[in-house]
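File shown here: final-v3.cif, holding mmCIF, C-alpha atoms.
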data_target
#
loop_
_atom_site.label_atom_id
_atom_site.label_comp_id
_atom_site.auth_asym_id
_atom_site.auth_seq_id
_atom_site.Cartn_x
_atom_site.Cartn_y
_atom_site.Cartn_z
CA ASN E 1 0.00 0.00 0.00
CA THR E 2 2.98 2.30 0.36
CA PHE E 3 3.56 2.51 -3.37
CA LEU E 4 -0.18 2.87 -4.00
CA THR E 5 -0.25 5.83 -1.62
CA ILE E 6 2.68 7.40 -3.48
CA TYR E 7 0.84 6.97 -6.79
CA VAL E 8 -2.29 8.58 -5.31
CA LEU E 9 -0.27 11.55 -4.04
CA GLU E 10 1.40 11.87 -7.43
CA LEU E 11 -2.00 12.13 -9.14
CA ILE E 12 -3.30 14.61 -6.57
CA ILE E 13 -0.26 16.87 -7.10
CA ARG E 14 -0.68 16.58 -10.86
CA PHE E 15 -4.36 17.58 -10.61
CA MET E 16 -3.49 20.50 -8.34
CA ALA E 17 -0.85 21.74 -10.80
CA TYR E 18 -2.59 21.19 -14.14
CA GLY E 19 -6.22 20.45 -13.29
CA THR E 20 -8.28 17.93 -15.21
CA VAL E 21 -6.57 19.05 -18.44
CA CYS E 22 -3.77 16.60 -17.68
CA LEU E 23 -6.20 13.73 -18.33
CA ARG E 24 -5.91 14.54 -22.02
CA SER E 25 -2.54 12.80 -21.90
CA SER E 26 -2.97 9.10 -22.60
CA TRP E 27 -0.27 8.21 -20.05
CA VAL E 28 -1.90 10.28 -17.29
CA MET E 29 -5.25 8.64 -18.05
CA PHE E 30 -3.53 5.25 -17.98
CA ASP E 31 -2.04 6.03 -14.56
CA PHE E 32 -5.41 7.28 -13.33
CA VAL E 33 -7.15 4.03 -14.32
CA LEU E 34 -4.45 1.92 -12.66
CA VAL E 35 -4.57 3.92 -9.44
CA VAL E 36 -8.37 3.70 -9.29
CA ALA E 37 -8.18 -0.06 -9.87
CA GLY E 38 -5.49 -0.37 -7.18
CA CYS E 39 -7.50 1.64 -4.65
CA THR E 40 -10.60 -0.41 -5.40
CA THR E 41 -8.88 -3.78 -4.93
CA SER E 42 -6.73 -2.81 -1.94
CA TRP E 43 -9.07 -0.59 0.07
CA ILE E 44 -12.54 -1.89 -0.85
CA ILE E 45 -12.53 -5.41 -2.29
CA ALA E 46 -9.71 -6.80 -0.10
CA PRO E 47 -11.40 -5.86 3.23
CA LEU E 48 -14.72 -7.26 1.96
CA ALA E 49 -12.99 -10.49 0.92
CA ILE E 50 -11.61 -10.91 4.41
CA LYS E 51 -14.91 -10.05 6.10
CA PHE E 52 -17.19 -12.26 4.03
CA GLN E 53 -16.76 -15.96 3.34
CA GLY E 54 -16.06 -16.81 -0.29
CA GLY E 55 -15.01 -13.28 -1.21
CA GLU E 56 -11.38 -14.23 -1.62
CA LYS E 57 -11.84 -14.80 -5.33
CA PHE E 58 -12.36 -11.07 -5.87
CA VAL E 59 -8.87 -10.45 -4.57
CA LEU E 60 -7.66 -11.89 -7.88
CA LEU E 61 -8.51 -8.51 -9.37
CA ARG E 62 -5.23 -7.34 -7.87
CA ILE E 63 -3.50 -8.96 -10.79
CA PHE E 64 -4.50 -5.94 -12.88
CA ARG E 65 -2.16 -3.87 -10.74
CA LEU E 66 0.67 -5.61 -12.57
CA LEU E 67 -0.21 -3.34 -15.49
CA ARG E 68 1.76 -0.69 -13.65
CA LEU E 69 4.81 -2.32 -15.17
CA ALA E 70 3.70 -0.79 -18.45
CA ARG E 71 4.50 2.62 -16.93
CA VAL E 72 8.13 2.00 -17.78
CA LEU E 73 7.21 2.29 -21.45
CA ARG E 74 7.24 6.04 -20.93
CA LEU E 75 10.96 5.85 -20.32
CA LEU E 76 11.81 3.84 -23.43
CA ARG E 77 12.31 6.77 -25.76
CA ARG E 78 14.66 8.36 -23.24
CA PHE E 79 16.99 5.39 -23.67
CA ARG E 80 17.67 5.07 -27.37
CA THR E 81 19.26 1.61 -27.22
CA LEU E 82 16.48 0.17 -25.07
CA TRP E 83 13.84 1.67 -27.34
CA LYS E 84 15.50 0.16 -30.41
CA LEU E 85 15.51 -3.27 -28.76
CA VAL E 86 11.84 -3.09 -27.83
CA HIS E 87 10.91 -1.58 -31.20
CA SER E 88 12.76 -4.34 -33.03
CA LEU E 89 11.13 -6.99 -30.87
CA LEU E 90 7.69 -5.63 -31.70
CA ASN E 91 8.52 -5.43 -35.41
CA CYS E 92 9.64 -9.05 -35.56
CA GLY E 93 6.24 -10.26 -34.31
CA GLY E 94 5.21 -11.19 -37.85
CA VAL E 95 8.41 -13.14 -38.39
CA LEU E 96 7.93 -15.01 -35.11
CA ALA E 97 4.32 -15.83 -35.98
CA SER E 98 5.34 -17.12 -39.41
CA THR E 99 8.12 -19.14 -37.80
CA ALA E 100 5.67 -20.69 -35.34
CA CYS E 101 3.35 -21.70 -38.18
CA LEU E 102 6.18 -23.14 -40.27
CA LEU E 103 7.65 -24.95 -37.27
CA SER E 104 4.28 -26.37 -36.27
CA GLY E 105 3.65 -27.64 -39.78
CA THR E 106 7.11 -29.19 -40.01
CA LEU E 107 6.78 -30.89 -36.63
CA TYR E 108 3.29 -32.15 -37.51
CA LEU E 109 4.43 -33.76 -40.76
CA SER E 110 7.48 -35.22 -39.01
CA ALA E 111 5.28 -36.55 -36.19
CA CYS E 112 2.96 -38.25 -38.71
CA ALA E 113 5.99 -39.85 -40.32
CA ALA E 114 7.27 -40.94 -36.89
CA VAL E 115 3.97 -42.65 -36.11
CA GLU E 116 4.11 -44.58 -39.39
CA LEU E 117 7.83 -45.43 -39.24
CA ILE E 118 8.35 -46.00 -35.51
CA THR E 119 5.11 -46.36 -33.56
CA LYS E 120 3.57 -48.94 -35.91
CA ASP E 121 6.80 -50.90 -36.38
CA LYS E 122 6.36 -54.38 -34.84
CA ARG E 123 10.05 -54.58 -33.92
CA PHE E 124 9.40 -51.97 -31.21
CA LYS E 125 6.62 -54.05 -29.61
CA ASP E 126 8.67 -56.85 -28.12
CA GLY E 127 7.82 -55.89 -24.56
CA ASP E 128 11.32 -54.61 -23.76
CA TYR E 129 12.47 -51.13 -22.75
CA LEU E 130 12.25 -49.91 -26.37
CA GLN E 131 8.50 -50.44 -26.38
CA ASP E 132 8.16 -48.18 -23.34
CA LEU E 133 10.47 -45.60 -24.95
CA VAL E 134 8.49 -45.58 -28.20
CA GLU E 135 5.16 -45.32 -26.39
CA ASP E 136 6.42 -42.48 -24.20
CA SER E 137 8.08 -40.60 -27.05
CA PHE E 138 6.04 -41.49 -30.15
CA GLY E 139 2.75 -42.83 -28.78
CA ASP E 140 0.63 -40.59 -31.01
CA VAL E 141 0.97 -37.51 -33.19
CA LEU E 142 0.77 -35.01 -30.33
CA ILE E 143 3.32 -36.84 -28.19
CA SER E 144 5.57 -37.20 -31.24
CA MET E 145 5.40 -33.43 -31.88
CA MET E 146 6.37 -32.73 -28.27
CA THR E 147 9.28 -35.16 -28.59
CA LEU E 148 10.45 -33.72 -31.91
CA PHE E 149 10.38 -30.24 -30.39
CA ARG E 150 13.50 -31.31 -28.53
CA TRP E 151 15.26 -31.14 -31.92
CA VAL E 152 14.45 -27.42 -32.01
CA THR E 153 16.03 -26.78 -28.61
CA LEU E 154 18.70 -29.51 -29.01
CA ASP E 155 17.60 -30.92 -25.66
CA SER E 156 19.34 -34.30 -25.19
CA GLN E 157 17.64 -35.90 -28.17
CA SER E 158 20.41 -38.50 -28.44
CA SER E 159 18.80 -40.52 -25.63
CA ILE E 160 15.82 -41.01 -27.95
CA TYR E 161 17.26 -41.72 -31.37
CA THR E 162 20.31 -43.80 -30.32
CA PRO E 163 18.47 -46.94 -29.08
CA ILE E 164 15.90 -46.64 -31.88
CA ILE E 165 18.56 -46.50 -34.60
CA ARG E 166 20.36 -49.48 -33.06
CA ARG E 167 17.15 -51.50 -33.48
CA GLN E 168 16.28 -50.08 -36.92
CA PRO E 169 19.39 -48.61 -38.62
CA TYR E 170 17.49 -47.23 -41.62
CA LEU E 171 15.77 -44.71 -39.27
CA VAL E 172 19.05 -42.79 -39.21
CA ILE E 173 17.84 -41.21 -42.47
CA TYR E 174 14.67 -39.97 -40.74
CA PHE E 175 16.49 -38.50 -37.75
CA LEU E 176 19.17 -36.90 -39.94
CA ALA E 177 16.41 -35.28 -42.01
CA ILE E 178 14.81 -33.93 -38.83
CA THR E 179 18.15 -32.64 -37.54
CA PHE E 180 19.12 -30.81 -40.74
CA THR E 181 15.61 -29.47 -41.41
CA VAL E 182 14.62 -28.29 -37.94
CA SER E 183 17.84 -27.84 -35.98
CA VAL E 184 20.00 -26.41 -38.75
CA ALA E 185 18.10 -25.06 -41.76
CA LEU E 186 15.02 -23.63 -40.07
CA VAL E 187 16.82 -22.06 -37.12
CA ASN E 188 19.47 -20.44 -39.32
CA LEU E 189 16.84 -19.27 -41.81
CA VAL E 190 14.86 -17.55 -39.07
CA THR E 191 18.04 -15.96 -37.72
CA ALA E 192 18.89 -14.63 -41.17
CA ILE E 193 15.42 -13.13 -41.58
CA LEU E 194 15.60 -11.50 -38.15
CA VAL E 195 19.01 -9.99 -38.95
CA GLU E 196 17.70 -8.73 -42.28
CA GLY E 197 14.73 -7.16 -40.51
CA ALA E 198 17.02 -5.56 -37.92
CA LEU E 199 19.16 -4.03 -40.67
CA ALA E 200 16.05 -2.73 -42.41
CA ASN E 201 14.81 -1.21 -39.15
CA ALA E 202 18.20 0.41 -38.56
CA ALA E 203 18.12 1.96 -42.04
CA SER E 204 14.57 3.14 -41.44
CA ASP E 205 15.56 4.66 -38.09
CA LYS E 206 18.44 6.54 -39.71
CA GLU E 207 16.15 7.88 -42.41
CA MET E 208 13.64 8.94 -39.78
CA GLU E 209 16.37 10.69 -37.78
CA ARG E 210 17.44 12.59 -40.89
CA MET E 211 13.85 13.67 -41.50
CA VAL E 212 13.48 14.80 -37.88
CA LEU E 213 16.74 16.76 -38.03
CA SER E 214 15.70 18.38 -41.30
CA GLN E 215 12.35 19.39 -39.82
CA ARG E 216 14.04 20.73 -36.70
CA ARG E 217 16.41 22.85 -38.82
CA LYS E 218 13.45 24.32 -40.69
CA GLU E 219 11.73 25.18 -37.41
CA LEU E 220 14.82 26.68 -35.74
CA THR E 221 16.21 28.70 -38.66
CA PRO E 222 13.69 31.61 -38.48
CA LEU E 223 14.01 31.69 -34.68
CA ILE E 224 17.79 31.90 -34.87
CA GLU E 225 17.58 34.62 -37.53
CA LYS E 226 15.24 36.56 -35.23
CA ALA E 227 17.69 36.07 -32.35
CA PHE E 228 20.50 37.49 -34.52
CA GLN E 229 18.41 40.55 -35.32
CA GLU E 230 17.70 41.08 -31.62
CA ILE E 231 21.40 40.86 -30.79
CA ASP E 232 22.46 43.12 -33.70
CA GLN E 233 21.53 46.32 -31.91
CA ASP E 234 23.19 48.70 -34.38
CA GLY E 235 21.86 46.90 -37.46
CA SER E 236 25.33 46.51 -38.96
CA GLY E 237 24.76 42.94 -40.12
CA VAL E 238 27.45 41.62 -37.79
CA ILE E 239 27.49 41.11 -34.01
CA SER E 240 30.30 41.51 -31.52
CA LYS E 241 31.02 39.66 -28.32
CA HIS E 242 29.80 42.65 -26.30
CA GLU E 243 26.46 42.61 -28.11
CA VAL E 244 26.10 38.88 -27.53
CA LEU E 245 26.80 39.14 -23.82
CA THR E 246 24.54 42.14 -23.21
CA SER E 247 21.59 41.05 -25.35
CA TYR E 248 20.97 37.54 -24.00
CA ALA E 249 17.64 38.54 -22.44
CA ALA E 250 16.39 39.77 -25.83
CA ILE E 251 16.91 36.37 -27.46
CA PRO E 252 13.65 34.41 -28.02
CA GLU E 253 12.90 31.87 -25.31
CA GLU E 254 13.12 28.91 -27.73
CA ILE E 255 16.73 29.80 -28.50
CA ARG E 256 17.62 30.53 -24.87
CA LYS E 257 16.75 26.90 -24.13
CA LEU E 258 19.51 25.88 -26.52
CA ILE E 259 22.16 28.35 -25.33
CA ASN E 260 23.38 28.43 -21.76
CA PRO E 261 24.30 32.01 -20.74
CA GLU E 262 27.47 30.70 -19.09
CA VAL E 263 28.86 29.53 -22.44
CA MET E 264 27.88 32.55 -24.53
CA ALA E 265 31.47 33.84 -24.63
CA ASP E 266 32.83 30.42 -25.62
CA LEU E 267 30.09 30.08 -28.20
CA PHE E 268 31.01 33.41 -29.77
CA ASP E 269 34.69 32.44 -29.87
CA GLY E 270 33.72 29.21 -31.60
CA LEU E 271 31.66 31.05 -34.20
CA ASP E 272 34.30 33.73 -34.78
CA MET E 273 36.57 31.47 -36.77
CA ASP E 274 38.61 34.21 -38.46
CA GLY E 275 39.33 36.04 -35.21
CA SER E 276 37.88 39.31 -36.48
CA GLY E 277 35.84 39.89 -33.32
CA THR E 278 32.55 39.85 -35.23
CA VAL E 279 30.15 37.19 -36.52
CA ASP E 280 27.82 37.65 -39.47
CA GLU E 281 24.30 36.22 -39.71
CA HIS E 282 25.26 33.19 -41.80
CA GLU E 283 27.97 32.14 -39.34
CA PHE E 284 25.64 32.66 -36.39
CA VAL E 285 22.72 30.70 -37.86
CA THR E 286 24.93 27.86 -39.07
CA GLY E 287 26.76 27.56 -35.75
CA ILE E 288 23.63 27.59 -33.59
CA LEU E 289 21.90 25.06 -35.84
CA GLN E 290 24.90 22.76 -35.65
CA MET E 291 24.92 23.00 -31.87
CA ALA E 292 21.14 22.43 -31.63
CA VAL E 293 20.92 19.30 -33.80
CA SER E 294 24.25 17.71 -32.91
CA ASP E 295 25.11 15.53 -29.93
CA VAL E 296 28.75 16.67 -30.13
CA PRO E 297 29.80 18.87 -27.17
CA LEU E 298 30.45 22.56 -27.80
CA GLU E 299 34.18 22.24 -27.12
CA THR E 300 34.53 19.49 -29.71
CA GLN E 301 32.60 21.55 -32.25
CA GLN E 302 34.96 24.47 -31.62
CA MET E 303 37.99 22.25 -32.19
CA LEU E 304 36.50 20.95 -35.44
CA ARG E 305 35.85 24.49 -36.67
CA LEU E 306 39.40 25.50 -35.77
CA LEU E 307 40.78 22.51 -37.63
CA ARG E 308 38.74 23.39 -40.71
CA LEU E 309 39.91 27.02 -40.49
CA MET E 310 43.53 25.87 -40.17
CA GLY E 311 43.04 23.61 -43.18
CA ARG E 312 41.76 26.52 -45.28
CA ARG E 313 44.62 28.74 -44.18
CA VAL E 314 47.15 26.03 -44.98
CA GLU E 315 45.63 25.69 -48.46
CA THR E 316 45.86 29.47 -48.92
CA LEU E 317 49.48 29.43 -47.78
CA GLU E 318 50.31 26.59 -50.18
CA ASP E 319 48.69 28.50 -53.07
CA THR E 320 50.72 31.59 -52.17
CA ILE E 321 53.95 29.63 -52.07
CA GLU E 322 53.18 28.02 -55.43
CA GLY E 323 52.53 31.46 -56.89
CA LEU E 324 55.84 32.77 -55.61
CA LYS E 325 57.65 29.75 -57.02
CA ARG E 326 56.14 30.31 -60.46
CA LYS E 327 57.30 33.92 -60.36
CA GLY E 328 60.81 32.76 -59.43
CA MET E 329 60.83 34.71 -56.21
CA ILE E 330 61.57 31.56 -54.21
CA THR E 331 63.05 28.20 -55.06
#
Can the structure from this file be put into structure tokens for me?
Amino acid sequence: NTFLTIYVLELIIRFMAYGTVCLRSSWVMFDFVLVVAGCTTSWIIAPLAIKFQGGEKFVLLRIFRLLRLARVLRLLRRFRTLWKLVHSLLNCGGVLASTACLLSGTLYLSACAAVELITKDKRFKDGDYLQDLVEDSFGDVLISMMTLFRWVTLDSQSSIYTPIIRRQPYLVIYFLAITFTVSVALVNLVTAILVEGALANAASDKEMERMVLSQRRKELTPLIEKAFQEIDQDGSGVISKHEVLTSYAAIPEEIRKLINPEVMADLFDGLDMDGSGTVDEHEFVTGILQMAVSDVPLETQQMLRLLRLMGRRVETLEDTIEGLKRKGMIT
């Protein structure tokens, strides 16, 4: 009841903060239903079940409280790897269903063959231990399917086929066919299909991430341009470090969420690649967009920009030296 009380308090605080509007969220409604069910079973039905004879069966309603485990689904998207695993598991449901159908059909046909080849064979009805083994393992089609399922899991099937093959050596062909079909071919085929599906899901996820990033750039670009205009107090088309540091409050709130005021100076230094002390609108928009849609830390982005700037300057220096060599000024 301790956890149930915590859940009740959580809902009360949520209602006090947001009102009944919060019930528009499917997750809040889900929590509300679970808490109501928990309160009903723990504080109403359970006492009645104890008080009245025969009411214990209603206590089974408590099993619905296990649905609280589904609350963790809200956290899945916060953990990208975990979400990919769960997403892939859900996507392979069709493959697993098809595998179950194919496996059931294969085991059924094999079980029918086992009944004809083993169960009805008179050499296994001599009253010895083999008769008991055959009856326990291949008594009918259903029992035969359960026995042959051990070939899927590779569960000590040698204790079954070894004495049978010793009595009837030609049955080695049957058991080899079962081994290669079920244990090798089918299992590896399903694995290959699952891997192919996982690769397709990974490609789809990457494409979706590119679409999301593209959409986010489109949404942020006008906001960043507006932020630049707010910072550019003199309307010169370029901003200085002083303007950036003194105009933070004028930046739109959406952009302030992306830029920590404590790193504004470092951000400006990272954008001012040529060391001129000013940043134009293109540099500002490009730099903020890169920081907003990238998981790379700001310091790493600054190092990459410096390396690119150094590369351009080295190319310029090489071109200058080549020009001087062609003019004969240096050798």
*Determine the residue membership of the PyMOL selection byres ((chain E and resi 169-172) around 12) for the file above and supply it as a VMD selection string.*
chain E and resid 113 to 114 116 to 118 121 158 160 to 168 173 to 179
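Atom pair atom CA of E:Glu243 / atom CA of E:Glu283 has a distance of 15.4 Å (rounded to one decimal).
Selection by the PyMOL selection byres ((chain E and resi 140) around 9) on the present file picks out Ala111, Cys112, Ala114, Val115, Thr119, Glu135, Ser137, Phe138, Gly139, Val141, Leu142, Ile143, Ser144 and Met145 of chain E.
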*Using the chain letters and numbers from the file, which residues does the PyMOL selection byres ((chain E and resi 4-6) around 12) grab, as a ChimeraX atom specification?*
/E:1-3,7-13,31-32,34-43,65,68
*Compare E:Val184, E:Val195, E:Leu133, E:Val285 by their minimum atom-to-atom distance to E:Leu154, counting all atoms listed in the file, and give me the closest one.*
E:Val184
*Please measure the separation of atom CA of E:Phe228 and atom CA of E:Leu271, giving the value in Å to one decimal.*
12.9 Å
*Length of the atom CA of E:Ile231 to atom CA of E:Val244 vector [Å]*: 6.1 Å
_Let me make sure I understand: among E:Tyr18, E:Pro222, E:Glu281, E:Lys325, which one has the smallest atom-to-atom distance to E:Val238 if we use all atoms listed in the file?_
E:Glu281
Determine, counting all atoms listed in the file, which protein, DNA and RNA residues have an atom within 12 Å of an atom of E:Ala100; residues of the same chain fewer than 4 positions away are not included. Present the result as a tab-separated table (two decimals) with C-alpha atoms, in the coordinates of the input.
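After the write, around-v9.tsv holds the following:
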chain	number	residue	atom	x	y	z
E	93	GLY	CA	6.24	-10.26	-34.31
E	94	GLY	CA	5.21	-11.19	-37.85
E	95	VAL	CA	8.41	-13.14	-38.39
E	96	LEU	CA	7.93	-15.01	-35.11
E	104	SER	CA	4.28	-26.37	-36.27
E	105	GLY	CA	3.65	-27.64	-39.78
E	106	THR	CA	7.11	-29.19	-40.01
E	107	LEU	CA	6.78	-30.89	-36.63
E	108	TYR	CA	3.29	-32.15	-37.51
E	149	PHE	CA	10.38	-30.24	-30.39
E	152	VAL	CA	14.45	-27.42	-32.01
E	186	LEU	CA	15.02	-23.63	-40.07
E	187	VAL	CA	16.82	-22.06	-37.12
E	190	VAL	CA	14.86	-17.55	-39.07
